[in-house]
file coords_12.txt (compact mmCIF, C-alpha atoms)
# COMPACT_ATOMS: atom_id res chain seq x y z
CA MET A 1 15.69 -37.38 -6.63
CA ILE A 2 16.18 -33.63 -6.40
CA THR A 3 18.01 -32.08 -3.45
CA LEU A 4 17.05 -28.87 -1.68
CA TYR A 5 19.90 -27.07 0.04
CA HIS A 6 18.24 -25.14 2.82
CA HIS A 7 18.59 -23.63 6.25
CA TRP A 8 16.07 -23.54 9.03
CA LEU A 9 16.47 -19.78 9.52
CA SER A 10 15.85 -19.00 5.88
CA PRO A 11 12.22 -18.18 5.04
CA ALA A 12 13.12 -18.42 1.34
CA SER A 13 14.19 -22.04 1.88
CA ARG A 14 10.96 -22.73 3.73
CA LEU A 15 8.95 -21.32 0.86
CA VAL A 16 10.62 -23.65 -1.64
CA ARG A 17 10.06 -26.63 0.70
CA VAL A 18 6.35 -25.76 0.79
CA LEU A 19 6.11 -25.31 -2.98
CA LEU A 20 7.81 -28.65 -3.67
CA THR A 21 5.47 -30.45 -1.26
CA GLU A 22 2.38 -28.72 -2.67
CA LYS A 23 3.50 -29.82 -6.15
CA ARG A 24 3.96 -33.37 -4.80
CA MET A 25 7.64 -33.54 -5.66
CA GLU A 26 9.90 -35.84 -3.68
CA PHE A 27 13.08 -34.21 -2.52
CA ALA A 28 15.98 -34.70 -0.14
CA LEU A 29 16.78 -31.90 2.30
CA ARG A 30 20.37 -30.92 2.86
CA LEU A 31 21.27 -28.43 5.58
CA GLU A 32 23.64 -25.74 4.30
CA LYS A 33 25.24 -23.27 6.69
CA GLU A 34 25.73 -20.63 4.04
CA TRP A 35 27.95 -18.50 6.26
CA GLU A 36 30.61 -21.25 6.08
CA ARG A 37 30.92 -20.47 2.35
CA ARG A 38 31.75 -24.05 1.31
CA PRO A 39 33.49 -23.99 -2.07
CA GLU A 40 31.28 -26.86 -3.36
CA PHE A 41 28.19 -24.85 -2.47
CA LEU A 42 29.53 -21.69 -4.12
CA THR A 43 29.88 -23.60 -7.40
CA LEU A 44 26.14 -24.38 -7.16
CA ASN A 45 25.25 -20.77 -6.40
CA PRO A 46 27.88 -18.03 -6.72
CA ALA A 47 25.62 -15.85 -4.55
CA GLY A 48 26.35 -18.30 -1.72
CA GLU A 49 22.77 -18.33 -0.53
CA VAL A 50 20.11 -20.93 0.18
CA PRO A 51 17.77 -22.12 -1.18
CA VAL A 52 19.36 -24.05 -4.03
CA ILE A 53 17.67 -26.92 -5.83
CA LEU A 54 19.90 -29.54 -7.43
CA SER A 55 18.01 -31.46 -10.10
CA THR A 56 18.32 -35.23 -10.55
CA GLU A 57 20.57 -34.45 -13.53
CA GLY A 58 22.79 -32.30 -11.30
CA LYS A 59 21.64 -28.88 -12.55
CA PRO A 60 21.47 -26.17 -9.85
CA TYR A 61 18.66 -23.62 -9.51
CA SER A 62 18.96 -20.61 -7.21
CA GLY A 63 17.18 -17.37 -6.38
CA VAL A 64 13.90 -17.91 -4.58
CA ARG A 65 11.79 -15.98 -7.08
CA ALA A 66 13.38 -17.62 -10.11
CA ILE A 67 12.91 -21.05 -8.51
CA SER A 68 9.29 -20.30 -7.58
CA GLU A 69 8.34 -19.25 -11.10
CA TYR A 70 10.24 -22.18 -12.59
CA LEU A 71 8.35 -24.67 -10.42
CA GLU A 72 5.06 -23.01 -11.33
CA GLU A 73 5.86 -23.27 -15.04
CA THR A 74 7.23 -26.80 -15.08
CA ILE A 75 4.80 -28.40 -12.58
CA PRO A 76 1.61 -26.47 -13.34
CA GLU A 77 -0.70 -28.43 -11.01
CA PRO A 78 -1.77 -27.61 -8.43
CA LYS A 79 -1.55 -23.97 -9.46
CA LEU A 80 -0.06 -21.74 -6.76
CA ILE A 81 -0.25 -18.56 -8.87
CA PRO A 82 -3.78 -19.13 -10.17
CA GLY A 83 -6.29 -17.05 -12.05
CA ASN A 84 -6.14 -14.30 -14.62
CA ALA A 85 -3.38 -11.70 -14.95
CA GLU A 86 -4.96 -9.44 -12.28
CA GLU A 87 -5.29 -12.30 -9.80
CA ARG A 88 -1.77 -13.51 -10.54
CA TYR A 89 -0.49 -9.96 -10.00
CA GLN A 90 -2.19 -9.95 -6.60
CA VAL A 91 -0.52 -13.21 -5.56
CA ARG A 92 2.93 -12.04 -6.67
CA ASN A 93 2.42 -8.65 -4.99
CA LEU A 94 1.81 -10.44 -1.68
CA VAL A 95 4.74 -12.79 -2.20
CA ASP A 96 6.91 -9.71 -2.77
CA TRP A 97 5.44 -8.10 0.33
CA PHE A 98 6.47 -10.98 2.57
CA HIS A 99 9.88 -11.52 0.96
CA THR A 100 10.91 -7.90 1.16
CA LYS A 101 8.71 -5.85 3.51
CA PHE A 102 7.94 -8.43 6.19
CA GLY A 103 11.41 -9.92 5.80
CA SER A 104 13.30 -6.66 6.35
CA GLU A 105 10.95 -5.20 8.96
CA VAL A 106 10.32 -8.26 11.12
CA THR A 107 12.04 -11.57 10.35
CA ARG A 108 15.56 -10.26 9.81
CA HIS A 109 15.54 -8.33 13.11
CA LEU A 110 14.18 -11.23 15.14
CA VAL A 111 16.43 -13.89 13.61
CA SER A 112 19.58 -11.81 13.86
CA GLU A 113 18.91 -10.53 17.39
CA LYS A 114 17.41 -13.65 18.93
CA LEU A 115 19.33 -16.39 17.15
CA LEU A 116 22.37 -15.33 15.17
CA LYS A 117 23.91 -13.32 18.02
CA ARG A 118 23.50 -16.31 20.28
CA PHE A 119 24.96 -18.78 17.76
CA LEU A 120 27.86 -16.53 16.90
CA GLY A 121 28.41 -15.51 20.53
CA ILE A 122 28.41 -11.79 19.74
CA GLY A 123 26.46 -10.34 22.63
CA GLU A 124 22.95 -9.72 23.83
CA PRO A 125 19.95 -8.93 21.62
CA ASP A 126 19.52 -5.22 20.87
CA SER A 127 16.30 -4.27 22.66
CA GLU A 128 15.69 -1.35 20.30
CA ALA A 129 15.75 -3.64 17.24
CA LEU A 130 13.41 -6.07 19.01
CA ARG A 131 10.97 -3.27 19.91
CA CYS A 132 11.03 -2.08 16.33
CA ALA A 133 10.33 -5.59 15.00
CA ALA A 134 7.47 -6.06 17.51
CA HIS A 135 5.91 -2.79 16.40
CA ASN A 136 6.21 -3.68 12.71
CA LEU A 137 4.86 -7.16 13.34
CA LYS A 138 1.60 -5.68 14.64
CA ASN A 139 1.12 -3.78 11.40
CA HIS A 140 1.69 -6.92 9.38
CA LEU A 141 -0.73 -8.97 11.49
CA ARG A 142 -3.29 -6.18 10.99
CA TYR A 143 -2.72 -6.52 7.25
CA ILE A 144 -3.33 -10.29 7.42
CA GLU A 145 -6.52 -9.62 9.41
CA PHE A 146 -7.62 -7.18 6.70
CA LEU A 147 -6.85 -9.58 3.84
CA THR A 148 -8.78 -12.44 5.47
CA ILE A 149 -11.96 -10.55 6.40
CA GLU A 150 -13.80 -11.90 3.39
CA ASN A 151 -11.56 -14.75 2.27
CA ASN A 152 -10.07 -17.89 3.77
CA TYR A 153 -6.66 -17.21 2.25
CA LEU A 154 -4.58 -14.10 1.61
CA ALA A 155 -5.31 -13.74 -2.11
CA GLY A 156 -8.84 -15.19 -2.16
CA GLY A 157 -10.62 -18.44 -1.52
CA GLN A 158 -7.76 -20.82 -2.19
CA PHE A 159 -4.25 -21.46 -0.87
CA THR A 160 -1.68 -19.73 -3.10
CA MET A 161 2.00 -18.87 -3.15
CA ALA A 162 1.08 -15.79 -1.11
CA ASP A 163 0.03 -17.97 1.83
CA ALA A 164 3.12 -20.12 1.38
CA ALA A 165 5.39 -17.03 1.49
CA ALA A 166 3.62 -15.68 4.56
CA ALA A 167 3.84 -19.05 6.33
CA ALA A 168 7.53 -19.30 5.46
CA HIS A 169 8.11 -16.19 7.60
CA ILE A 170 5.52 -16.72 10.29
CA THR A 171 6.63 -20.29 11.08
CA VAL A 172 10.07 -18.81 11.81
CA ILE A 173 8.97 -15.97 14.06
CA ASP A 174 6.22 -17.89 15.86
CA TYR A 175 9.01 -20.20 17.06
CA PHE A 176 10.16 -17.34 19.29
CA GLY A 177 6.69 -17.03 20.82
CA ASP A 178 6.41 -13.34 19.95
CA ILE A 179 2.90 -13.37 18.47
CA ARG A 180 0.00 -12.74 20.87
CA TRP A 181 -2.41 -14.73 18.74
CA GLN A 182 -5.38 -13.94 21.01
CA ASP A 183 -5.17 -10.32 19.80
CA TRP A 184 -5.53 -11.33 16.15
CA PRO A 185 -8.47 -13.70 15.76
CA GLY A 186 -8.67 -13.36 11.96
CA ALA A 187 -4.96 -13.92 11.43
CA LYS A 188 -5.11 -16.80 13.91
CA ALA A 189 -7.95 -18.50 12.00
CA TRP A 190 -5.96 -18.08 8.77
CA TYR A 191 -2.79 -19.47 10.35
CA SER A 192 -4.71 -22.41 11.77
CA ARG A 193 -5.97 -23.29 8.27
CA VAL A 194 -2.45 -22.95 6.89
CA LYS A 195 -0.86 -25.04 9.66
CA GLY A 196 -3.22 -27.87 8.80
CA ARG A 197 -1.72 -28.32 5.36
CA ARG A 198 0.49 -31.29 4.56
CA SER A 199 3.07 -28.90 3.11
CA ILE A 200 3.34 -26.78 6.27
CA GLN A 201 3.39 -29.55 8.88
CA PRO A 202 7.07 -30.53 8.28
CA LEU A 203 8.16 -26.92 8.96
CA LEU A 204 6.59 -27.15 12.40
CA SER A 205 8.68 -30.11 13.48
CA ASP A 206 12.00 -28.35 12.89
CA ARG A 207 13.87 -27.67 16.12
CA VAL A 208 16.80 -25.35 16.78
CA SER A 209 19.13 -26.90 19.33
CA GLY A 210 19.02 -25.10 22.67
CA LEU A 211 15.83 -23.19 21.88
CA THR A 212 12.37 -24.62 22.58
CA PRO A 213 9.36 -23.18 20.75
CA PRO A 214 6.16 -22.28 22.64
CA SER A 215 3.84 -25.19 23.38
CA HIS A 216 1.33 -24.10 20.72
CA TYR A 217 3.96 -24.03 17.97
CA ALA A 218 2.98 -27.19 16.08
CA ASP A 219 -0.70 -27.32 17.13
CA ILE A 220 -3.32 -26.62 14.52
CA ASP A 221 -5.78 -25.64 17.25
CA PHE A 222 -3.89 -23.15 19.35
CA MET B 1 -2.56 7.21 -19.91
CA ILE B 2 -0.86 5.26 -17.17
CA THR B 3 1.32 7.00 -14.58
CA LEU B 4 4.58 5.68 -13.19
CA TYR B 5 5.48 6.95 -9.74
CA HIS B 6 9.25 6.73 -9.63
CA HIS B 7 12.44 8.12 -8.19
CA TRP B 8 15.73 8.68 -9.90
CA LEU B 9 17.65 6.83 -7.19
CA SER B 10 15.48 3.75 -7.40
CA PRO B 11 16.82 1.05 -9.74
CA ALA B 12 13.45 -0.74 -9.42
CA SER B 13 11.72 2.36 -10.84
CA ARG B 14 14.26 2.47 -13.67
CA LEU B 15 13.58 -1.15 -14.50
CA VAL B 16 9.84 -0.50 -14.85
CA ARG B 17 10.52 2.57 -17.02
CA VAL B 18 12.62 0.38 -19.33
CA LEU B 19 10.01 -2.40 -19.46
CA LEU B 20 7.21 0.03 -20.30
CA THR B 21 9.26 1.60 -23.09
CA GLU B 22 10.34 -1.79 -24.48
CA LYS B 23 6.65 -2.78 -24.53
CA ARG B 24 5.86 0.49 -26.33
CA MET B 25 3.50 1.74 -23.66
CA GLU B 26 2.96 5.46 -23.23
CA PHE B 27 3.22 6.65 -19.67
CA ALA B 28 3.57 9.79 -17.60
CA LEU B 29 6.39 9.96 -15.08
CA ARG B 30 5.70 11.34 -11.64
CA LEU B 31 8.53 11.93 -9.19
CA GLU B 32 7.74 10.54 -5.75
CA LYS B 33 10.01 11.24 -2.80
CA GLU B 34 8.98 8.13 -0.91
CA TRP B 35 10.69 9.25 2.31
CA GLU B 36 8.12 12.07 2.59
CA ARG B 37 5.47 9.37 3.09
CA ARG B 38 2.66 11.32 1.40
CA PRO B 39 -0.69 9.95 2.56
CA GLU B 40 -2.03 9.90 -1.03
CA PHE B 41 0.94 7.80 -2.09
CA LEU B 42 0.51 5.40 0.85
CA THR B 43 -3.03 4.68 -0.29
CA LEU B 44 -1.58 3.59 -3.65
CA ASN B 45 1.07 1.40 -2.03
CA PRO B 46 0.93 0.71 1.73
CA ALA B 47 4.59 -0.35 1.50
CA GLY B 48 5.31 3.32 0.70
CA GLU B 49 7.81 2.46 -2.03
CA VAL B 50 8.32 3.30 -5.68
CA PRO B 51 7.76 2.09 -8.33
CA VAL B 52 3.96 2.24 -8.49
CA ILE B 53 2.01 2.11 -11.73
CA LEU B 54 -1.41 3.75 -11.77
CA SER B 55 -3.53 2.40 -14.61
CA THR B 56 -5.74 4.60 -16.77
CA GLU B 57 -8.67 3.27 -14.71
CA GLY B 58 -6.92 4.34 -11.49
CA LYS B 59 -5.82 0.92 -10.31
CA PRO B 60 -2.41 0.85 -8.56
CA TYR B 61 0.25 -1.82 -9.10
CA SER B 62 3.28 -2.10 -6.82
CA GLY B 63 6.18 -4.42 -6.10
CA VAL B 64 8.77 -4.44 -8.86
CA ARG B 65 8.65 -8.21 -9.44
CA ALA B 66 4.86 -8.36 -9.42
CA ILE B 67 4.72 -5.43 -11.87
CA SER B 68 7.37 -6.97 -14.13
CA GLU B 69 5.56 -10.31 -14.41
CA TYR B 70 2.22 -8.53 -14.88
CA LEU B 71 3.57 -6.47 -17.79
CA GLU B 72 5.10 -9.59 -19.34
CA GLU B 73 1.76 -11.41 -19.12
CA THR B 74 -0.50 -8.61 -20.29
CA ILE B 75 1.76 -7.15 -23.02
CA PRO B 76 3.45 -10.29 -24.31
CA GLU B 77 5.36 -8.67 -27.19
CA PRO B 78 8.22 -8.04 -27.35
CA LYS B 79 9.02 -10.86 -24.92
CA LEU B 80 11.45 -9.86 -22.20
CA ILE B 81 11.39 -13.26 -20.47
CA PRO B 82 11.66 -15.35 -23.64
CA GLY B 83 12.25 -19.00 -24.39
CA ASN B 84 11.46 -22.27 -22.68
CA ALA B 85 11.20 -22.82 -18.93
CA GLU B 86 14.98 -23.28 -18.53
CA GLU B 87 15.74 -20.09 -20.45
CA ARG B 88 13.07 -18.18 -18.56
CA TYR B 89 14.56 -19.45 -15.28
CA GLN B 90 17.94 -18.09 -16.37
CA VAL B 91 16.51 -14.63 -17.09
CA ARG B 92 14.68 -14.48 -13.75
CA ASN B 93 17.74 -15.75 -11.90
CA LEU B 94 19.76 -12.84 -13.30
CA VAL B 95 16.98 -10.35 -12.56
CA ASP B 96 17.02 -11.63 -8.96
CA TRP B 97 20.80 -11.33 -8.88
CA PHE B 98 20.74 -7.65 -9.78
CA HIS B 99 17.75 -6.78 -7.58
CA THR B 100 19.14 -8.43 -4.47
CA LYS B 101 22.85 -9.24 -4.73
CA PHE B 102 24.06 -6.29 -6.81
CA GLY B 103 21.56 -4.01 -5.07
CA SER B 104 22.66 -4.82 -1.52
CA GLU B 105 26.38 -5.16 -2.26
CA VAL B 106 26.91 -2.17 -4.53
CA THR B 107 24.04 0.19 -5.36
CA ARG B 108 22.67 0.64 -1.85
CA HIS B 109 26.12 1.53 -0.44
CA LEU B 110 26.95 4.00 -3.19
CA VAL B 111 23.56 5.71 -3.24
CA SER B 112 23.34 6.06 0.53
CA GLU B 113 26.94 7.18 1.04
CA LYS B 114 27.35 9.39 -2.01
CA LEU B 115 23.87 10.86 -2.38
CA LEU B 116 21.51 10.35 0.54
CA LYS B 117 23.97 11.59 3.16
CA ARG B 118 24.51 14.70 1.07
CA PHE B 119 20.79 15.31 0.48
CA LEU B 120 19.91 14.73 4.11
CA GLY B 121 22.94 16.63 5.37
CA ILE B 122 24.06 13.84 7.68
CA GLY B 123 27.79 13.87 7.26
CA GLU B 124 30.54 12.62 5.03
CA PRO B 125 30.49 9.33 3.09
CA ASP B 126 31.80 6.36 5.07
CA SER B 127 35.03 5.41 3.29
CA GLU B 128 34.84 1.81 4.53
CA ALA B 129 31.40 1.34 2.95
CA LEU B 130 32.65 2.88 -0.31
CA ARG B 131 35.72 0.59 -0.36
CA CYS B 132 33.46 -2.38 0.23
CA ALA B 133 31.13 -1.37 -2.62
CA ALA B 134 34.09 -0.80 -4.96
CA HIS B 135 35.43 -4.27 -4.16
CA ASN B 136 32.04 -5.91 -4.71
CA LEU B 137 31.52 -3.96 -7.93
CA LYS B 138 34.63 -5.56 -9.45
CA ASN B 139 33.22 -9.03 -8.81
CA HIS B 140 29.96 -8.07 -10.47
CA LEU B 141 31.71 -6.57 -13.51
CA ARG B 142 33.74 -9.79 -13.76
CA TYR B 143 30.44 -11.70 -13.75
CA ILE B 144 29.09 -9.53 -16.61
CA GLU B 145 32.34 -10.17 -18.51
CA PHE B 146 31.87 -13.91 -18.00
CA LEU B 147 28.22 -13.85 -19.10
CA THR B 148 28.99 -11.93 -22.29
CA ILE B 149 31.98 -13.99 -23.49
CA GLU B 150 29.85 -15.89 -25.95
CA ASN B 151 26.67 -13.79 -26.08
CA ASN B 152 25.76 -10.21 -26.84
CA TYR B 153 23.40 -10.02 -23.87
CA LEU B 154 23.41 -11.42 -20.34
CA ALA B 155 21.02 -14.31 -20.91
CA GLY B 156 21.86 -15.07 -24.55
CA GLY B 157 21.65 -13.47 -27.95
CA GLN B 158 18.79 -11.08 -27.28
CA PHE B 159 17.97 -8.24 -24.89
CA THR B 160 15.91 -9.54 -21.95
CA MET B 161 14.65 -8.40 -18.57
CA ALA B 162 18.06 -9.46 -17.20
CA ASP B 163 19.77 -6.74 -19.21
CA ALA B 164 17.09 -4.25 -18.21
CA ALA B 165 17.58 -5.06 -14.50
CA ALA B 166 21.37 -4.79 -14.81
CA ALA B 167 21.08 -1.47 -16.67
CA ALA B 168 18.68 -0.16 -14.03
CA HIS B 169 21.50 -0.47 -11.48
CA ILE B 170 24.48 0.37 -13.66
CA THR B 171 22.97 3.59 -15.01
CA VAL B 172 22.70 4.73 -11.37
CA ILE B 173 26.22 3.88 -10.29
CA ASP B 174 27.93 4.95 -13.51
CA TYR B 175 26.59 8.42 -12.75
CA PHE B 176 29.12 8.59 -9.91
CA GLY B 177 31.95 7.76 -12.31
CA ASP B 178 33.12 4.78 -10.24
CA ILE B 179 33.49 2.25 -13.04
CA ARG B 180 36.89 2.04 -14.73
CA TRP B 181 35.41 0.82 -18.00
CA GLN B 182 38.82 0.41 -19.66
CA ASP B 183 39.46 -2.52 -17.28
CA TRP B 184 36.33 -4.36 -18.41
CA PRO B 185 36.22 -4.50 -22.23
CA GLY B 186 33.53 -7.21 -22.37
CA ALA B 187 31.24 -5.48 -19.89
CA LYS B 188 31.90 -2.18 -21.69
CA ALA B 189 30.89 -3.64 -25.07
CA TRP B 190 27.70 -5.03 -23.48
CA TYR B 191 26.91 -1.69 -21.81
CA SER B 192 27.49 0.16 -25.08
CA ARG B 193 24.93 -2.10 -26.81
CA VAL B 194 22.48 -1.57 -23.96
CA LYS B 195 22.96 2.22 -23.89
CA GLY B 196 22.03 2.35 -27.56
CA ARG B 197 18.51 1.13 -26.90
CA ARG B 198 15.57 3.49 -27.13
CA SER B 199 14.40 2.30 -23.68
CA ILE B 200 17.70 3.09 -21.94
CA GLN B 201 18.41 6.49 -23.51
CA PRO B 202 15.90 8.40 -21.34
CA LEU B 203 17.59 7.10 -18.16
CA LEU B 204 20.83 8.69 -19.29
CA SER B 205 19.39 12.17 -19.49
CA ASP B 206 18.29 12.24 -15.83
CA ARG B 207 20.29 14.70 -13.78
CA VAL B 208 20.60 15.05 -9.99
CA SER B 209 20.85 18.70 -9.04
CA GLY B 210 24.29 19.63 -7.78
CA LEU B 211 25.96 16.47 -9.06
CA THR B 212 27.35 16.22 -12.59
CA PRO B 213 27.91 12.78 -14.14
CA PRO B 214 31.18 11.94 -15.92
CA SER B 215 31.42 13.17 -19.50
CA HIS B 216 30.98 9.64 -20.93
CA TYR B 217 27.73 9.05 -19.02
CA ALA B 218 25.25 9.37 -21.88
CA ASP B 219 27.62 8.43 -24.72
CA ILE B 220 27.08 5.14 -26.47
CA ASP B 221 30.71 5.15 -27.60
CA PHE B 222 32.67 5.78 -24.43
call {"tool": "encode", "arguments": {"input": "coords_12.txt", "output": "structure tokens"}}
result
Amino acid sequence: MITLYHHWLSPASRLVRVLLTEKRMEFALRLEKEWERRPEFLTLNPAGEVPVILSTEGKPYSGVRAISEYLEETIPEPKLIPGNAEERYQVRNLVDWFHTKFGSEVTRHLVSEKLLKRFLGIGEPDSEALRCAAHNLKNHLRYIEFLTIENNYLAGGQFTMADAAAAAHITVIDYFGDIRWQDWPGAKAWYSRVKGRRSIQPLLSDRVSGLTPPSHYADIDF
Amino acid sequence: MITLYHHWLSPASRLVRVLLTEKRMEFALRLEKEWERRPEFLTLNPAGEVPVILSTEGKPYSGVRAISEYLEETIPEPKLIPGNAEERYQVRNLVDWFHTKFGSEVTRHLVSEKLLKRFLGIGEPDSEALRCAAHNLKNHLRYIEFLTIENNYLAGGQFTMADAAAAAHITVIDYFGDIRWQDWPGAKAWYSRVKGRRSIQPLLSDRVSGLTPPSHYADIDF
């Protein structure tokens, strides 16, 4: 069986978990605290970052985008980057958006201020960084509202890698209870559809020790 | 003709320039100072970042990875992500490496300390950040040496998107004269091969006003 080295705080790891489940692959999860820089892990990925997939034959795969495209090429069904070149561009553009834009403007701030500082014991959250993330988050939720006006999913009528990438981030930040879902009915309806998927459900049962998610966290109807 | 909105300091823009030239597409270059946040540019890419391609029909494409895959799909020859799924994984893994690892550990530090601070008039370069970038750069040059022990190019015997992504970064930082090429004969031989390409040559004639590159900058034999 293949092994996925992952960490709960890593949206990129969550994305690969979702892709593997969507593609109906069996895999073992292995928690990797990348900041410990274990020599054995560095031999699998010199970049020292999760996610890493270790194949049954012992071959490592790293880099979330390289892994995502590799899975799409080697396990073509169900397609997660479907359609013609224009439609596939649209999916990848949204995946990029969540990996880079959403990641740097929202997730990174919230995870580092609300969790990493607490774990590492290096002081209180920076309220300016949190305000900034909250402001940015509203723009991103507005974008999700816009994208789902006419479609059930971000890139059209079907679940794609774009939804998986968005869910990889939103399942992390919704854990903190920072999203006022009642203000975003379209995004909420989209997220409810996404939460109902077999591939997303496992993400919602993760728990960080010492930090309880809001009561709606794992509910599909919230 | 298509238009590429780019900036000299953006390795992602340089990568798209190289891909378009390798694919023998004609394009007009348009300098975009993304920090000015021009409303017209934001309508092309809400993320407000270069590169953006505007098609002849006026359709915008953004996100360097989404653009790269789109060009590879719609203009298949010459292939820049060639081979079977394993080989294609390897190319994308290296592209990822340069975009994220090399970008955050080397290019971002050097560009922001050596150029942006000067342009924006916000003080002297931070010597700690420069030391850190110089240290990281050595590790990356060692990695290029390792990759080219047995092959002429980073992912094997032929020029691929991996070489284009690496050159997109290295042509920026070599401008500052920070690479002691005599210490890295393998990387130097690789860079000499890459500099000789028709797609890389135009990058080497860019000039930043007020800052002269080292005399070897545009030379293939250096």
call {"tool": "interface_residues", "arguments": {"input": "coords_12.txt", "of": "chain A", "to": "chain B", "cutoff": "12 Å", "atoms": "all atoms listed in the file", "output": "ChimeraX atom specification"}}
result
/A:45-49,52,59-76,81,84-102,104-105,136,139-140,143,162
call {"tool": "write_last_selection", "arguments": {"input": "coords_12.txt", "atoms": "C-alpha atoms", "output": "mmCIF file, keeping the file's coordinate frame"}}
result
data_model
loop_
_atom_site.group_PDB
_atom_site.id
_atom_site.type_symbol
_atom_site.label_atom_id
_atom_site.label_comp_id
_atom_site.auth_asym_id
_atom_site.auth_seq_id
_atom_site.Cartn_x
_atom_site.Cartn_y
_atom_site.Cartn_z
ATOM 1 C CA ASN A 45 25.250 -20.770 -6.400
ATOM 2 C CA PRO A 46 27.880 -18.030 -6.720
ATOM 3 C CA ALA A 47 25.620 -15.850 -4.550
ATOM 4 C CA GLY A 48 26.350 -18.300 -1.720
ATOM 5 C CA GLU A 49 22.770 -18.330 -0.530
ATOM 6 C CA VAL A 52 19.360 -24.050 -4.030
ATOM 7 C CA LYS A 59 21.640 -28.880 -12.550
ATOM 8 C CA PRO A 60 21.470 -26.170 -9.850
ATOM 9 C CA TYR A 61 18.660 -23.620 -9.510
ATOM 10 C CA SER A 62 18.960 -20.610 -7.210
ATOM 11 C CA GLY A 63 17.180 -17.370 -6.380
ATOM 12 C CA VAL A 64 13.900 -17.910 -4.580
ATOM 13 C CA ARG A 65 11.790 -15.980 -7.080
ATOM 14 C CA ALA A 66 13.380 -17.620 -10.110
ATOM 15 C CA ILE A 67 12.910 -21.050 -8.510
ATOM 16 C CA SER A 68 9.290 -20.300 -7.580
ATOM 17 C CA GLU A 69 8.340 -19.250 -11.100
ATOM 18 C CA TYR A 70 10.240 -22.180 -12.590
ATOM 19 C CA LEU A 71 8.350 -24.670 -10.420
ATOM 20 C CA GLU A 72 5.060 -23.010 -11.330
ATOM 21 C CA GLU A 73 5.860 -23.270 -15.040
ATOM 22 C CA THR A 74 7.230 -26.800 -15.080
ATOM 23 C CA ILE A 75 4.800 -28.400 -12.580
ATOM 24 C CA PRO A 76 1.610 -26.470 -13.340
ATOM 25 C CA ILE A 81 -0.250 -18.560 -8.870
ATOM 26 C CA ASN A 84 -6.140 -14.300 -14.620
ATOM 27 C CA ALA A 85 -3.380 -11.700 -14.950
ATOM 28 C CA GLU A 86 -4.960 -9.440 -12.280
ATOM 29 C CA GLU A 87 -5.290 -12.300 -9.800
ATOM 30 C CA ARG A 88 -1.770 -13.510 -10.540
ATOM 31 C CA TYR A 89 -0.490 -9.960 -10.000
ATOM 32 C CA GLN A 90 -2.190 -9.950 -6.600
ATOM 33 C CA VAL A 91 -0.520 -13.210 -5.560
ATOM 34 C CA ARG A 92 2.930 -12.040 -6.670
ATOM 35 C CA ASN A 93 2.420 -8.650 -4.990
ATOM 36 C CA LEU A 94 1.810 -10.440 -1.680
ATOM 37 C CA VAL A 95 4.740 -12.790 -2.200
ATOM 38 C CA ASP A 96 6.910 -9.710 -2.770
ATOM 39 C CA TRP A 97 5.440 -8.100 0.330
ATOM 40 C CA PHE A 98 6.470 -10.980 2.570
ATOM 41 C CA HIS A 99 9.880 -11.520 0.960
ATOM 42 C CA THR A 100 10.910 -7.900 1.160
ATOM 43 C CA LYS A 101 8.710 -5.850 3.510
ATOM 44 C CA PHE A 102 7.940 -8.430 6.190
ATOM 45 C CA SER A 104 13.300 -6.660 6.350
ATOM 46 C CA GLU A 105 10.950 -5.200 8.960
ATOM 47 C CA ASN A 136 6.210 -3.680 12.710
ATOM 48 C CA ASN A 139 1.120 -3.780 11.400
ATOM 49 C CA HIS A 140 1.690 -6.920 9.380
ATOM 50 C CA TYR A 143 -2.720 -6.520 7.250
ATOM 51 C CA ALA A 162 1.080 -15.790 -1.110
#
call {"tool": "atom_distance", "arguments": {"input": "coords_12.txt", "atom1": "CA of Ile200 (chain B)", "atom2": "CA of Ala165 (chain B)"}}
result
11.0 Å
call {"tool": "atom_distance", "arguments": {"input": "coords_12.txt", "atom1": "CA of Pro11 (chain A)", "atom2": "CA of Ala168 (chain A)"}}
result
4.8 Å
call {"tool": "residues_around", "arguments": {"input": "coords_12.txt", "residues": "region 111-123 of chain A", "least_positions_apart": "3", "cutoff": "10 Å", "atoms": "only C-alpha atoms", "output": "list of chain:residue names"}}
result
A:Leu9, A:Ser10, A:Val106, A:Thr107, A:Arg108, A:Asp126, A:Ser127, A:Ala129, A:Leu130, A:Val172, A:Ile173, A:Phe176, A:Val208, A:Gly210, A:Leu211
call {"tool": "residues_around", "arguments": {"input": "coords_12.txt", "residues": "Gln201 (chain B)", "least_positions_apart": "2", "cutoff": "12 Å", "atoms": "all atoms listed in the file", "output": "VMD selection string"}}
result
chain B and resid 14 17 to 18 21 to 22 167 to 168 171 191 to 199 203 to 206 217 to 220
call {"tool": "atom_distance", "arguments": {"input": "coords_12.txt", "atom1": "CA of Lys33 (chain A)", "atom2": "CA of His6 (chain A)"}}
result
8.2 Å
call {"tool": "residues_near_point", "arguments": {"input": "coords_12.txt", "point": "(-1.2, -12.0, 20.2)", "cutoff": "12 Å", "atoms": "all atoms listed in the file", "output": "number ranges by chain"}}
result
A: 134, 137-138, 141-142, 174, 177-188, 222
